[in-house]
Amino acid sequence: MLQTFRQAALMLIVLTVICGGLYPALVTGIAKTLFPNQAEGSMIKDGNGKVIGSPFIGQHFTNPTYFWGRLSATSPVPYNSAASSGSNLSIGSGDLMKNVQARVDALRLADPNNHEPVPVDLVTASASGLDPHISIAAANYQIKRVATARGISEEYVKKMVALHTEGRTLGILGEPVVNVLLLNLALDRASREGGK
């Protein structure tokens, strides 16, 4: 009995060291060597080295000069990657309807002259609650507001949306989408450089 216990304890220690230490260290080392940017989360940094965000995690934009992304289901902090989850609210949920109406009201308040139907992805959260993309319809819905708030032409903003539209995965899966963070950063960069 004692012999069996020793063997089991030794096997536990050996497998813990291999599977919990050596293997993760090896895989991490390989990843950091071959794919350093991806291994560090594909972080985008400003000129001073300060992390702005990642193109794979949505961000909470509320300023009218920026495109707004999908709602985040994470709480209490929006787009908290440590708390990734959907809202799990059904289509008949009163809470879901309140959230949708609140978002519609915020969009209408930010752009009172826009009477177009609000695209559904601007008023609902994705399954992860972290989606960094919006549909082309959602981007087009916001063009006039962003152009007006920035004091630039709608045509220029449309061009920027087109430049930051990502096609279908492998050319066939999903729909074309716009990465909100990358688009907003490009607009900021263009504003600093005098783009119109």
# chains A, B, ... in the order shown; residues from 1 in each chain; ligands from 1
>>> closest_atom_pairs(of="segment 53-143 of chain A", to="segment 186-191 of chain A", cutoff="12 Å", atoms="only C-alpha atoms", output="CSV")
residue,atom,partner,partner_atom,distance
A:Thr65,CA,A:Leu187,CA,9.2
A:Tyr66,CA,A:Leu187,CA,8.4
A:Phe67,CA,A:Leu187,CA,9.7
A:Ile143,CA,A:Leu187,CA,11.7
>>> select_by_dssp(residues="segment 14-184 of chain A", states="helix (DSSP H, G or I)", output="number ranges by chain")
A: 14-34, 36-39, 81-83, 94-110, 120-122, 136-150, 154-163, 180-184
>>> residues_around(residues="Leu122 of chain A", least_positions_apart="5", cutoff="7 Å", atoms="only C-alpha atoms", output="list in words")
Gly69, Arg70, Leu71 and Ala138 of chain A
>>> atom_distance(atom1="atom CA of Arg145 of chain A", atom2="atom CA of Ile57 of chain A")
23.6 Å
>>> atom_distance(atom1="atom CA of Gly41 of chain A", atom2="atom CA of Pro24 of chain A")
16.5 Å
>>> select_by_dssp(residues="segment 26-191 of chain A", states="strand (DSSP E)", output="VMD selection string")
chain A and resid 44 to 45 51 to 53 133 to 135 165 to 166 177 to 179
>>> closest_atom_pairs(of="segment 102-146 of chain A", to="segment 160-168 of chain A", cutoff="10 Å", atoms="only C-alpha atoms", output="tab-separated table")
residue	atom	partner	partner_atom	distance
A:His133	CA	A:Glu166	CA	9.3
A:Ile134	CA	A:Thr165	CA	9.6
A:Ser135	CA	A:Thr165	CA	9.0
A:Ile136	CA	A:Thr165	CA	7.5
A:Ala139	CA	A:Val161	CA	7.1
A:Asn140	CA	A:Val161	CA	8.0
A:Ile143	CA	A:Val161	CA	8.4
>>> write_last_selection(atoms="C-alpha atoms", output="PDB file, in the first residue's frame")
ATOM      1  CA  HIS A 133     -15.920  44.402 -35.130  1.00  0.00           C
ATOM      2  CA  ILE A 134     -19.110  45.959 -36.423  1.00  0.00           C
ATOM      3  CA  SER A 135     -20.953  45.315 -39.651  1.00  0.00           C
ATOM      4  CA  ILE A 136     -20.569  47.606 -42.645  1.00  0.00           C
ATOM      5  CA  ALA A 139     -20.248  51.665 -39.685  1.00  0.00           C
ATOM      6  CA  ASN A 140     -22.283  53.388 -42.418  1.00  0.00           C
ATOM      7  CA  ILE A 143     -20.445  58.017 -40.747  1.00  0.00           C
TER       8      ILE A 143
END
>>> residues_around(residues="Ser54 of chain A", least_positions_apart="5", cutoff="6 Å", atoms="only C-alpha atoms", output="CSV table (one decimal) with N, CA, C and O atoms, in the first residue's frame")
chain,number,residue,atom,x,y,z
A,42,SER,N,-0.9,40.8,-29.4
A,42,SER,CA,-1.0,41.7,-30.5
A,42,SER,C,-1.4,43.2,-30.1
A,42,SER,O,-2.2,43.8,-30.6
A,43,MET,N,-0.7,43.6,-29.0
A,43,MET,CA,-1.0,44.9,-28.5
A,43,MET,C,-0.6,46.1,-29.4
A,43,MET,O,0.5,46.0,-30.1
A,44,ILE,N,-1.4,47.1,-29.5
A,44,ILE,CA,-1.1,48.3,-30.3
A,44,ILE,C,-0.6,49.3,-29.3
A,44,ILE,O,-1.3,49.6,-28.2
>>> atom_distance(atom1="atom CA of Ile172 of chain A", atom2="atom CA of Ser128 of chain A")
22.3 Å
>>> closest_residue(among="A:Lys159, A:Arg150, A:Ser81, A:Ala73", to="Asn99 of chain A", atoms="only C-alpha atoms")
A:Ala73
>>> residues_around(residues="Pro112 of chain A", least_positions_apart="4", cutoff="12 Å", atoms="only C-alpha atoms", output="PDB file with N, CA, C and O atoms, in the first residue's frame")
ATOM      1  N   PRO A  64     -18.613  61.155 -29.486  1.00  0.00           N
ATOM      2  CA  PRO A  64     -19.227  61.184 -30.819  1.00  0.00           C
ATOM      3  C   PRO A  64     -18.228  61.277 -31.972  1.00  0.00           C
ATOM      4  O   PRO A  64     -18.579  61.018 -33.116  1.00  0.00           O
ATOM      5  N   VAL A 104     -30.335  52.369 -28.276  1.00  0.00           N
ATOM      6  CA  VAL A 104     -30.980  53.113 -29.363  1.00  0.00           C
ATOM      7  C   VAL A 104     -31.105  54.586 -28.971  1.00  0.00           C
ATOM      8  O   VAL A 104     -30.793  55.484 -29.765  1.00  0.00           O
ATOM      9  N   ASP A 105     -31.536  54.845 -27.727  1.00  0.00           N
ATOM     10  CA  ASP A 105     -31.683  56.222 -27.249  1.00  0.00           C
ATOM     11  C   ASP A 105     -30.341  56.966 -27.278  1.00  0.00           C
ATOM     12  O   ASP A 105     -30.278  58.125 -27.673  1.00  0.00           O
ATOM     13  N   ALA A 106     -29.256  56.285 -26.858  1.00  0.00           N
ATOM     14  CA  ALA A 106     -27.927  56.909 -26.855  1.00  0.00           C
ATOM     15  C   ALA A 106     -27.481  57.235 -28.280  1.00  0.00           C
ATOM     16  O   ALA A 106     -26.920  58.310 -28.535  1.00  0.00           O
ATOM     17  N   LEU A 107     -27.743  56.317 -29.208  1.00  0.00           N
ATOM     18  CA  LEU A 107     -27.377  56.558 -30.603  1.00  0.00           C
ATOM     19  C   LEU A 107     -28.185  57.706 -31.198  1.00  0.00           C
ATOM     20  O   LEU A 107     -27.650  58.549 -31.930  1.00  0.00           O
ATOM     21  N   ARG A 108     -29.476  57.745 -30.892  1.00  0.00           N
ATOM     22  CA  ARG A 108     -30.339  58.820 -31.404  1.00  0.00           C
ATOM     23  C   ARG A 108     -29.943  60.175 -30.800  1.00  0.00           C
ATOM     24  O   ARG A 108     -29.974  61.200 -31.480  1.00  0.00           O
ATOM     25  N   GLU A 116     -32.322  56.749 -39.874  1.00  0.00           N
ATOM     26  CA  GLU A 116     -32.169  55.410 -40.439  1.00  0.00           C
ATOM     27  C   GLU A 116     -32.420  54.363 -39.358  1.00  0.00           C
ATOM     28  O   GLU A 116     -32.209  54.624 -38.178  1.00  0.00           O
ATOM     29  N   GLN A 142     -22.996  55.330 -38.738  1.00  0.00           N
ATOM     30  CA  GLN A 142     -22.304  56.305 -37.885  1.00  0.00           C
ATOM     31  C   GLN A 142     -21.459  57.321 -38.650  1.00  0.00           C
ATOM     32  O   GLN A 142     -20.935  58.269 -38.061  1.00  0.00           O
ATOM     33  N   LYS A 144     -22.019  59.868 -40.729  1.00  0.00           N
ATOM     34  CA  LYS A 144     -22.386  61.291 -40.681  1.00  0.00           C
ATOM     35  C   LYS A 144     -22.059  61.889 -39.315  1.00  0.00           C
ATOM     36  O   LYS A 144     -21.515  62.996 -39.237  1.00  0.00           O
ATOM     37  N   ARG A 145     -22.380  61.163 -38.238  1.00  0.00           N
ATOM     38  CA  ARG A 145     -22.095  61.665 -36.885  1.00  0.00           C
ATOM     39  C   ARG A 145     -20.609  61.896 -36.692  1.00  0.00           C
ATOM     40  O   ARG A 145     -20.181  62.950 -36.212  1.00  0.00           O
TER      41      ARG A 145
END
>>> residues_around(residues="Pro78 of chain A", least_positions_apart="3", cutoff="8 Å", atoms="only C-alpha atoms", output="PyMOL selection string")
chain A and resi 59-60+72-75
